[in-house]
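Novice: What follows is run.cif, mmCIF, C-alpha atoms.
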data_coords
loop_
_atom_site.label_atom_id
_atom_site.label_comp_id
_atom_site.auth_asym_id
_atom_site.auth_seq_id
_atom_site.Cartn_x
_atom_site.Cartn_y
_atom_site.Cartn_z
CA MET A 947 0.00 0.00 0.00
CA THR A 948 1.35 3.44 -0.94
CA GLN A 949 1.79 6.18 1.67
CA PRO A 950 -1.08 8.29 0.20
CA GLU A 951 -3.37 5.24 0.34
CA ASN A 952 -2.23 4.53 3.90
CA THR A 953 -2.97 8.12 4.92
CA ALA A 954 -6.35 8.14 3.17
CA LEU A 955 -7.43 5.00 4.99
CA PHE A 956 -6.53 6.50 8.34
CA GLU A 957 -8.16 9.86 7.63
CA ALA A 958 -11.38 8.08 6.72
CA GLN A 959 -11.40 6.60 10.23
CA ARG A 960 -10.24 9.73 12.08
CA PRO A 961 -13.71 11.18 12.92
CA ARG A 962 -14.88 7.88 14.42
CA LEU A 963 -11.64 7.44 16.35
CA LEU A 964 -11.90 10.98 17.75
CA ARG A 965 -15.47 10.30 18.86
CA LEU A 966 -14.43 7.12 20.62
CA ALA A 967 -11.41 8.69 22.34
CA TYR A 968 -13.38 11.75 23.46
CA ARG A 969 -16.19 9.63 24.88
CA MET A 970 -13.65 7.46 26.69
CA LEU A 971 -11.59 10.32 28.14
CA GLY A 972 -13.90 13.35 28.34
CA SER A 973 -11.16 15.51 26.86
CA VAL A 974 -10.89 16.85 23.32
CA ALA A 975 -7.17 17.54 23.72
CA GLU A 976 -6.41 14.05 25.03
CA ALA A 977 -8.58 12.48 22.33
CA GLU A 978 -6.54 14.26 19.67
CA ASP A 979 -3.31 13.07 21.31
CA VAL A 980 -4.54 9.47 21.38
CA VAL A 981 -5.56 9.56 17.73
CA GLN A 982 -2.15 10.99 16.84
CA ASP A 983 -0.50 8.12 18.74
CA ALA A 984 -2.69 5.71 16.80
CA TRP A 985 -1.58 7.33 13.54
CA LEU A 986 2.07 6.78 14.44
CA ARG A 987 1.41 3.11 15.12
CA TRP A 988 -0.66 2.80 11.95
CA SER A 989 2.09 4.34 9.83
CA GLU A 990 4.53 1.69 11.04
CA ALA A 991 2.16 -1.29 10.75
CA SER A 992 1.66 -3.60 7.80
CA GLY A 993 -0.48 -6.56 6.73
CA ILE A 994 -3.61 -5.35 8.55
CA ASP A 995 -6.72 -7.19 7.34
CA SER A 996 -9.31 -4.82 8.82
CA PRO A 997 -8.04 -1.25 9.39
CA PRO A 998 -11.23 -0.06 11.21
CA ALA A 999 -11.12 -2.93 13.70
CA TRP A 1000 -7.36 -2.62 14.21
CA LEU A 1001 -7.52 1.15 14.78
CA THR A 1002 -10.50 0.82 17.13
CA ARG A 1003 -8.55 -1.69 19.18
CA VAL A 1004 -5.45 0.52 19.32
CA VAL A 1005 -7.39 3.67 20.30
CA THR A 1006 -9.41 1.85 22.96
CA ARG A 1007 -6.29 0.39 24.56
CA LEU A 1008 -4.48 3.73 24.47
CA CYS A 1009 -7.50 5.31 26.17
CA LEU A 1010 -7.62 2.61 28.84
CA ASP A 1011 -3.95 3.29 29.61
CA ARG A 1012 -4.60 7.02 29.93
CA MET A 1013 -7.69 6.53 32.08
CA LYS A 1014 -5.57 5.13 34.90
CA SER A 1015 -3.71 8.41 35.40
CA ALA A 1016 -6.78 10.50 34.50
CA ARG A 1017 -8.82 8.96 37.29
CA ALA A 1018 -6.02 9.58 39.75
CA ARG A 1019 -5.91 13.25 38.71
CA ARG A 1020 -9.67 13.61 39.14
CA GLU A 1021 -9.47 12.35 42.73
CA THR A 1022 -7.44 15.47 43.59
CA TYR A 1023 -9.24 17.83 41.18
CA PHE A 1024 -10.25 21.13 42.74
CA GLY A 1025 -14.04 21.35 42.87
CA THR A 1026 -16.37 19.80 40.31
CA TRP A 1027 -14.91 17.96 37.33
CA LEU A 1028 -16.81 18.21 34.04
CA PRO A 1029 -15.84 16.90 30.59
CA GLU A 1030 -14.34 19.38 28.15
CA PRO A 1031 -17.31 21.00 26.40
CA LEU A 1032 -17.82 19.86 22.82
CA LEU A 1033 -19.43 22.54 20.66
CA GLU A 1034 -21.73 21.72 17.77
CA VAL A 1035 -19.38 23.64 15.45
CA GLU A 1036 -16.80 20.94 16.23
CA SER A 1037 -19.31 18.11 16.02
CA GLU A 1038 -18.75 17.31 12.35
CA SER A 1039 -15.70 15.38 13.49
CA ILE A 1040 -16.87 14.15 16.91
CA ALA A 1041 -20.67 14.04 16.68
CA ASP A 1042 -22.92 11.31 18.07
CA ASP A 1043 -25.96 11.11 20.32
CA VAL A 1044 -24.07 10.83 23.61
CA THR A 1045 -25.00 13.91 25.65
CA LEU A 1046 -23.18 15.55 28.54
CA THR A 1047 -25.52 13.95 31.08
CA LEU A 1048 -24.71 10.52 29.66
CA MET A 1049 -21.00 11.37 29.68
CA LEU A 1050 -21.25 12.06 33.41
CA ALA A 1051 -23.04 8.75 33.92
CA LEU A 1052 -20.19 7.01 32.09
CA GLU A 1053 -17.78 8.53 34.61
CA ARG A 1054 -19.31 6.30 37.27
CA LEU A 1055 -18.39 3.15 35.36
CA SER A 1056 -15.15 1.22 35.56
CA PRO A 1057 -12.85 1.76 32.55
CA LEU A 1058 -13.70 -1.68 31.15
CA GLU A 1059 -17.45 -1.14 31.60
CA ARG A 1060 -17.16 2.22 29.88
CA ALA A 1061 -15.23 0.73 26.98
CA ALA A 1062 -17.65 -2.19 26.61
CA PHE A 1063 -20.69 0.09 26.63
CA LEU A 1064 -19.27 2.61 24.17
CA LEU A 1065 -17.90 0.03 21.74
CA HIS A 1066 -20.96 -2.22 21.74
CA ASP A 1067 -23.90 0.11 22.36
CA VAL A 1068 -22.70 3.39 20.81
CA PHE A 1069 -20.21 2.36 18.12
CA GLU A 1070 -21.94 -0.94 17.30
CA VAL A 1071 -18.79 -3.07 17.46
CA SER A 1072 -19.57 -6.78 17.53
CA LEU A 1073 -19.31 -8.55 20.86
CA GLY A 1074 -16.49 -10.73 19.55
CA ASP A 1075 -14.45 -7.72 18.48
CA VAL A 1076 -15.09 -5.98 21.80
CA ALA A 1077 -13.88 -9.09 23.60
CA ALA A 1078 -10.71 -9.16 21.48
CA THR A 1079 -10.11 -5.47 22.14
CA LEU A 1080 -10.50 -5.80 25.91
CA GLY A 1081 -8.74 -9.15 26.19
CA ARG A 1082 -11.79 -10.78 27.79
CA ASP A 1083 -14.06 -13.59 26.68
CA ALA A 1084 -17.39 -12.76 25.07
CA ALA A 1085 -19.45 -13.79 28.12
CA ALA A 1086 -17.47 -11.47 30.41
CA VAL A 1087 -17.81 -8.59 27.94
CA ARG A 1088 -21.55 -9.17 27.70
CA GLN A 1089 -21.79 -8.84 31.48
CA LEU A 1090 -19.71 -5.66 31.42
CA ALA A 1091 -22.03 -4.15 28.81
CA VAL A 1092 -25.17 -5.21 30.70
CA ARG A 1093 -23.94 -3.67 33.96
CA ALA A 1094 -22.93 -0.47 32.19
CA ARG A 1095 -26.24 -0.24 30.35
CA ARG A 1096 -28.14 -0.61 33.61
CA HIS A 1097 -26.13 2.19 35.23
CA VAL A 1098 -26.56 4.69 32.40
CA GLN A 1099 -30.14 3.90 31.33
CA GLU A 1100 -31.72 6.38 33.73
CA SER A 1101 -29.39 9.14 32.52
CA LYS A 1102 -30.76 9.08 28.98
CA SER A 1103 -32.95 12.10 28.42
CA ARG A 1104 -36.61 11.37 27.75
CA TYR A 1105 -37.23 14.90 26.49
CA THR A 1106 -36.15 15.85 22.97
CA VAL A 1107 -35.31 19.52 22.42
CA GLU A 1108 -35.62 20.69 18.82
CA ASP A 1109 -33.03 23.14 17.48
CA GLY A 1110 -35.32 26.17 17.54
CA GLU A 1111 -36.46 25.48 21.08
CA ALA A 1112 -32.88 24.82 22.19
CA GLU A 1113 -31.77 28.24 20.94
CA ARG A 1114 -34.78 29.96 22.53
CA ILE A 1115 -34.15 28.32 25.91
CA ALA A 1116 -30.43 29.13 25.86
CA GLN A 1117 -31.02 32.77 24.90
CA ALA A 1118 -33.80 33.22 27.48
CA PHE A 1119 -31.76 31.63 30.26
CA PHE A 1120 -28.68 33.74 29.52
CA THR A 1121 -30.74 36.96 29.54
CA ALA A 1122 -32.59 36.10 32.75
CA ALA A 1123 -29.41 34.99 34.54
CA ARG A 1124 -27.48 38.10 33.42
CA ASP A 1125 -30.30 40.41 34.52
CA GLY A 1126 -31.03 38.62 37.79
CA ASP A 1127 -34.63 38.15 36.62
CA THR A 1128 -35.80 35.64 39.20
CA ALA A 1129 -39.38 35.56 37.90
CA ALA A 1130 -38.20 34.53 34.43
CA LEU A 1131 -35.73 32.04 35.90
CA GLN A 1132 -38.38 30.51 38.12
CA ALA A 1133 -40.57 29.87 35.08
CA MET A 1134 -37.69 28.03 33.37
CA LEU A 1135 -36.15 25.99 36.18
CA ALA A 1136 -37.18 22.62 37.60
CA GLU A 1137 -37.70 22.43 41.35
CA ASN A 1138 -34.69 20.13 41.75
CA VAL A 1139 -32.40 22.06 39.40
CA VAL A 1140 -28.68 21.79 40.12
CA ILE A 1141 -25.71 23.91 39.00
CA HIS A 1142 -22.33 22.24 38.38
CA ALA A 1143 -19.39 24.57 37.73
CA ASP A 1144 -15.85 23.57 36.77
CA GLY A 1145 -13.12 26.15 37.34
CA GLY A 1146 -10.38 23.64 38.07
CA GLY A 1147 -8.95 25.97 40.69
CA ARG A 1148 -7.81 28.26 37.86
CA VAL A 1149 -10.70 30.73 37.97
CA LEU A 1150 -13.49 31.44 40.43
CA ALA A 1151 -16.30 28.85 40.27
CA PHE A 1152 -18.76 27.21 42.64
CA ARG A 1153 -16.74 24.46 44.27
CA ASN A 1154 -19.79 22.39 45.19
CA PRO A 1155 -23.05 21.87 43.29
CA ILE A 1156 -25.85 24.36 43.98
CA ARG A 1157 -29.06 22.36 44.44
CA GLY A 1158 -32.72 23.35 44.42
CA ILE A 1159 -34.60 26.17 42.74
CA ALA A 1160 -34.69 28.39 45.85
CA ARG A 1161 -30.88 28.38 46.24
CA VAL A 1162 -30.33 28.86 42.51
CA LEU A 1163 -32.68 31.86 42.38
CA ARG A 1164 -30.98 33.45 45.39
CA LEU A 1165 -27.62 32.88 43.75
CA TYR A 1166 -28.48 34.67 40.50
CA ALA A 1167 -30.17 37.51 42.35
CA SER A 1168 -27.05 37.92 44.51
CA LEU A 1169 -24.71 37.87 41.50
CA PHE A 1170 -26.77 40.58 39.82
CA ARG A 1171 -26.72 42.77 42.93
CA LYS A 1172 -22.93 42.44 43.19
CA PHE A 1173 -21.91 42.67 39.55
CA GLY A 1174 -24.89 43.92 37.53
CA GLY A 1175 -25.34 42.54 34.02
CA ALA A 1176 -21.60 42.02 33.49
CA ALA A 1177 -21.77 39.19 30.94
CA THR A 1178 -21.58 39.08 27.16
CA LEU A 1179 -23.24 36.40 25.05
CA LEU A 1180 -20.94 35.20 22.26
CA ARG A 1181 -23.09 32.47 20.74
CA THR A 1182 -25.94 30.09 21.46
CA LEU A 1183 -25.32 26.53 20.28
CA ARG A 1184 -25.50 22.93 21.40
CA ILE A 1185 -22.82 21.78 23.82
CA ASP A 1186 -22.40 18.01 24.03
CA GLY A 1187 -25.87 17.71 22.54
CA LEU A 1188 -27.52 20.04 25.08
CA PRO A 1189 -28.86 23.58 24.56
CA GLY A 1190 -26.19 26.04 25.63
CA PHE A 1191 -24.10 29.10 25.00
CA VAL A 1192 -20.60 30.51 25.13
CA SER A 1193 -20.17 33.77 27.02
CA LEU A 1194 -17.72 36.14 28.63
CA ASP A 1195 -18.44 36.55 32.32
CA ARG A 1196 -17.39 39.41 34.55
CA GLY A 1197 -13.68 40.05 34.14
CA ASP A 1198 -13.90 38.64 30.61
CA VAL A 1199 -13.72 35.05 31.83
CA LEU A 1200 -14.67 32.67 29.03
CA GLN A 1201 -17.21 30.03 29.94
CA THR A 1202 -19.57 27.53 28.38
CA THR A 1203 -23.00 26.79 29.82
CA ALA A 1204 -24.98 23.67 28.90
CA LEU A 1205 -28.58 23.14 29.98
CA ALA A 1206 -30.19 19.75 30.60
CA ILE A 1207 -33.92 19.86 29.90
CA GLU A 1208 -36.53 17.54 31.37
CA ASP A 1209 -40.27 17.97 30.81
CA GLY A 1210 -39.72 21.43 29.35
CA ARG A 1211 -37.75 22.82 32.30
CA ILE A 1212 -34.04 23.21 33.02
CA SER A 1213 -33.03 20.39 35.37
CA ALA A 1214 -29.26 20.94 35.38
CA ILE A 1215 -26.81 23.72 34.47
CA TYR A 1216 -23.24 22.73 33.54
CA ILE A 1217 -20.71 25.58 33.52
CA VAL A 1218 -17.10 25.11 32.41
CA ARG A 1219 -14.73 28.00 33.21
CA ASN A 1220 -11.41 26.17 33.54
CA PRO A 1221 -9.23 27.74 30.82
CA ASP A 1222 -7.32 24.46 30.45
CA LYS A 1223 -10.53 22.97 29.05
CA LEU A 1224 -11.47 25.82 26.73
CA GLY A 1225 -8.52 26.11 24.34
CA HIS A 1226 -10.37 24.21 21.62
CA VAL A 1227 -13.42 26.44 22.20
CA VAL A 1228 -11.32 29.50 21.37
CA GLN A 1229 -10.12 27.81 18.19
CA ALA A 1230 -13.59 26.69 17.13
CA LEU A 1231 -15.25 29.98 18.07
CA PRO A 1232 -12.67 32.80 18.00
CA VAL A 1233 -13.05 35.11 20.97
CA ASN A 1234 -11.99 38.73 20.49
#
Step by step, read the file and then write its structure as structure tokens.
Specialist:
Amino acid sequence: MTQPENTALFEAQRPRLLRLAYRMLGSVAEAEDVVQDAWLRWSEASGIDSPPAWLTRVVTRLCLDRMKSARARRETYFGTWLPEPLLEVESESIADDVTLTLMLALERLSPLERAAFLLHDVFEVSLGDVAATLGRDAAAVRQLAVRARRHVQESKSRYTVEDGEAERIAQAFFTAARDGDTAALQAMLAENVVIHADGGGRVLAFRNPIRGIARVLRLYASLFRKFGGAATLLRTLRIDGLPGFVSLDRGDVLQTTALAIEDGRISAIYIVRNPDKLGHVVQALPVN
């Protein structure tokens, strides 16, 4: 096989490999690193009967190796850990129907359960190939997938938000939150709404989740009293499949906000402010 043919075969698989690595690791940057490592191994390999299966196996195993150190880092992470936000403008290369809420459910699985679920249920890899990838027999892999499926089933959203409604909700929430409009917020929020904010210790963020509509309303009213409407909306768009927006907060701090919707109301608010997780956001959506 010529080098151009070799490269073309890999590039045809790159979007799928990026999706898999991102869903395994929760990091766009690490997913890109893993896929680059896979490319180096691919460029040196020969006599491969099924490039898609071989590359899937390589990427999965590279991710499993990285997950050992990643989990150790998360145990000492400052405050709430959230996956790197994936914007819809990036989704041509990493798109699928796994939402942020499902990503967080996957975090509660063991690395092998996560791999089995993603490969079999999301990427539709045959049970035999999953078993070969994980170095387990088919019966053990089936049990891994069943356990994982049971854990994440309740995290799948039962409420579908169409594009027009998603944009309307995101715009309305940003405006009400910026203006401290508690009446508008109350009409949008579920009683058990929760805010998760990830600053990574790099910028100011709520260290612990804020739970319940009463506390959330008091919070936004307090922020408005202290800072006024000091926020700028850059764009509304889907973030990891959820309605959301990118904005500049007081002090020109870049942040993404994703909104989980259940039964027409906002049930969870996911805010990422850690600049280490937003480099790809700046590239995908240039911030002046």
Novice: Can you translate the PyMOL selection byres ((chain A and resi 1060) around 12) into the concrete residues it hits in this file, as a PyMOL selection string?
Specialist: chain A and resi 966-967+969-972+1006+1009-1010+1013+1048-1059+1061-1068+1076+1080+1087+1090-1098
Novice: What are the closest atom pairs, with distances in Å to one decimal, for each residue of region 1106-1173 of chain A lying within 6 Å of region 1200-1217 of chain A, using all atoms listed in the file, rows by chain and rising residue number, as a Markdown table?
Specialist:
| residue | atom | partner | partner_atom | distance |
| --- | --- | --- | --- | --- |
| A:Met1134 | CA | A:Arg1211 | CA | 5.3 |
| A:Leu1135 | CA | A:Ile1212 | CA | 4.7 |
| A:Ala1136 | CA | A:Ser1213 | CA | 5.2 |
| A:Val1139 | CA | A:Ser1213 | CA | 4.4 |
| A:Val1140 | CA | A:Ala1214 | CA | 4.9 |
| A:Ile1141 | CA | A:Ile1215 | CA | 4.7 |
| A:His1142 | CA | A:Tyr1216 | CA | 4.9 |
| A:Ala1143 | CA | A:Ile1217 | CA | 4.5 |
Novice: How many Å separate CA of Arg1148 (chain A) from CA of Asp1186 (chain A)?
Specialist: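 Spanning CA of Arg1148 (chain A) to CA of Asp1186 (chain A) is a straight-line distance of 22.6 Å.
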Novice: Please report the interatomic distance between CA of Gly1145 (chain A) and CA of Glu1021 (chain A) in Å with one decimal.
Specialist: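 Between these atoms lies a distance of 15.3 Å.
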Novice: In Å, how far is it from CA of Ile1185 (chain A) to CA of Thr1002 (chain A)?
Specialist: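 Atom-to-atom, CA of Ile1185 (chain A) and CA of Thr1002 (chain A) are spaced 25.2 Å apart.
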Novice: Name the closest residue to Gly1081 (chain A) among the candidates A:Arg1003, A:Ser1193, A:Leu1224, A:Arg1171; distances are taken between atoms, counting only C-alpha atoms.
Specialist: A:Arg1003
Novice: At a cut-off of 12 Å from (-33.6, 31.8, 27.7) in the coordinates of the file, what residues are picked up using only C-alpha atoms, written as a short mmCIF file (atom, residue, chain, number, x, y, z; two decimals) with C-alpha atoms, keeping the file's coordinate frame?
Specialist:
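Output (point_31.cif):
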data_model
loop_
_atom_site.label_atom_id
_atom_site.label_comp_id
_atom_site.auth_asym_id
_atom_site.auth_seq_id
_atom_site.Cartn_x
_atom_site.Cartn_y
_atom_site.Cartn_z
CA GLY A 1110 -35.32 26.17 17.54
CA GLU A 1111 -36.46 25.48 21.08
CA ALA A 1112 -32.88 24.82 22.19
CA GLU A 1113 -31.77 28.24 20.94
CA ARG A 1114 -34.78 29.96 22.53
CA ILE A 1115 -34.15 28.32 25.91
CA ALA A 1116 -30.43 29.13 25.86
CA GLN A 1117 -31.02 32.77 24.90
CA ALA A 1118 -33.80 33.22 27.48
CA PHE A 1119 -31.76 31.63 30.26
CA PHE A 1120 -28.68 33.74 29.52
CA THR A 1121 -30.74 36.96 29.54
CA ALA A 1122 -32.59 36.10 32.75
CA ALA A 1123 -29.41 34.99 34.54
CA ARG A 1124 -27.48 38.10 33.42
CA ASP A 1125 -30.30 40.41 34.52
CA ASP A 1127 -34.63 38.15 36.62
CA ALA A 1130 -38.20 34.53 34.43
CA LEU A 1131 -35.73 32.04 35.90
CA GLN A 1132 -38.38 30.51 38.12
CA ALA A 1133 -40.57 29.87 35.08
CA MET A 1134 -37.69 28.03 33.37
CA LEU A 1135 -36.15 25.99 36.18
CA LEU A 1179 -23.24 36.40 25.05
CA THR A 1182 -25.94 30.09 21.46
CA PRO A 1189 -28.86 23.58 24.56
CA GLY A 1190 -26.19 26.04 25.63
CA PHE A 1191 -24.10 29.10 25.00
CA THR A 1203 -23.00 26.79 29.82
CA ALA A 1204 -24.98 23.67 28.90
CA LEU A 1205 -28.58 23.14 29.98
CA ARG A 1211 -37.75 22.82 32.30
CA ILE A 1212 -34.04 23.21 33.02
#
Novice: From the set A:Gln949, A:Ser973, A:Asn1154, A:Ser992, which residue has the shortest atom-to-atom contact distance to His1226 (chain A), counting all atoms listed in the file?
Specialist: A:Ser973
Novice: Nearest to Ala999 (chain A): which of A:Ala1176, A:Ala1151, A:Leu963, A:Leu1163 is it, counting all atoms listed in the file?
Specialist: A:Leu963
Novice: Counting all atoms listed in the file, which of A:Tyr1166, A:Glu990, A:Ala977, A:Ala984 gets nearest to Arg1012 (chain A)?
Specialist: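 Smallest distance to Arg1012 (chain A) is found for A:Ala977.
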Novice: Of the residues A:Ala975, A:Leu1188, A:Val1218, A:Ala1018, which is the one nearest to Thr1045 (chain A), using only C-alpha atoms?
Specialist: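 Ranked by minimum distance to Thr1045 (chain A), first place goes to A:Leu1188.
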Novice: Suppose a student applies the PyMOL selection byres ((chain A and resi 1001) around 12) to this structure; what residues should they get, written as a ChimeraX atom specification?
Specialist: /A:955-964,966-967,980-989,991,994-1000,1002-1008,1075,1079
Novice: For Leu1150 (chain A), work out the shell of residues within 10 Å, counting all atoms listed in the file and skipping chain neighbours fewer than 4 positions away, then give it as a list of chain:residue names.
Specialist: A:Ala1143, A:Asp1144, A:Gly1145, A:Gly1146, A:Val1199, A:Arg1219, A:Asn1220
Novice: Between A:Leu1194, A:Val1149, A:Ala1160, A:Leu1032, which is the closest to Gly1175 (chain A) once you count all atoms listed in the file?
Specialist: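 The answer is A:Leu1194, which sits nearest to Gly1175 (chain A).
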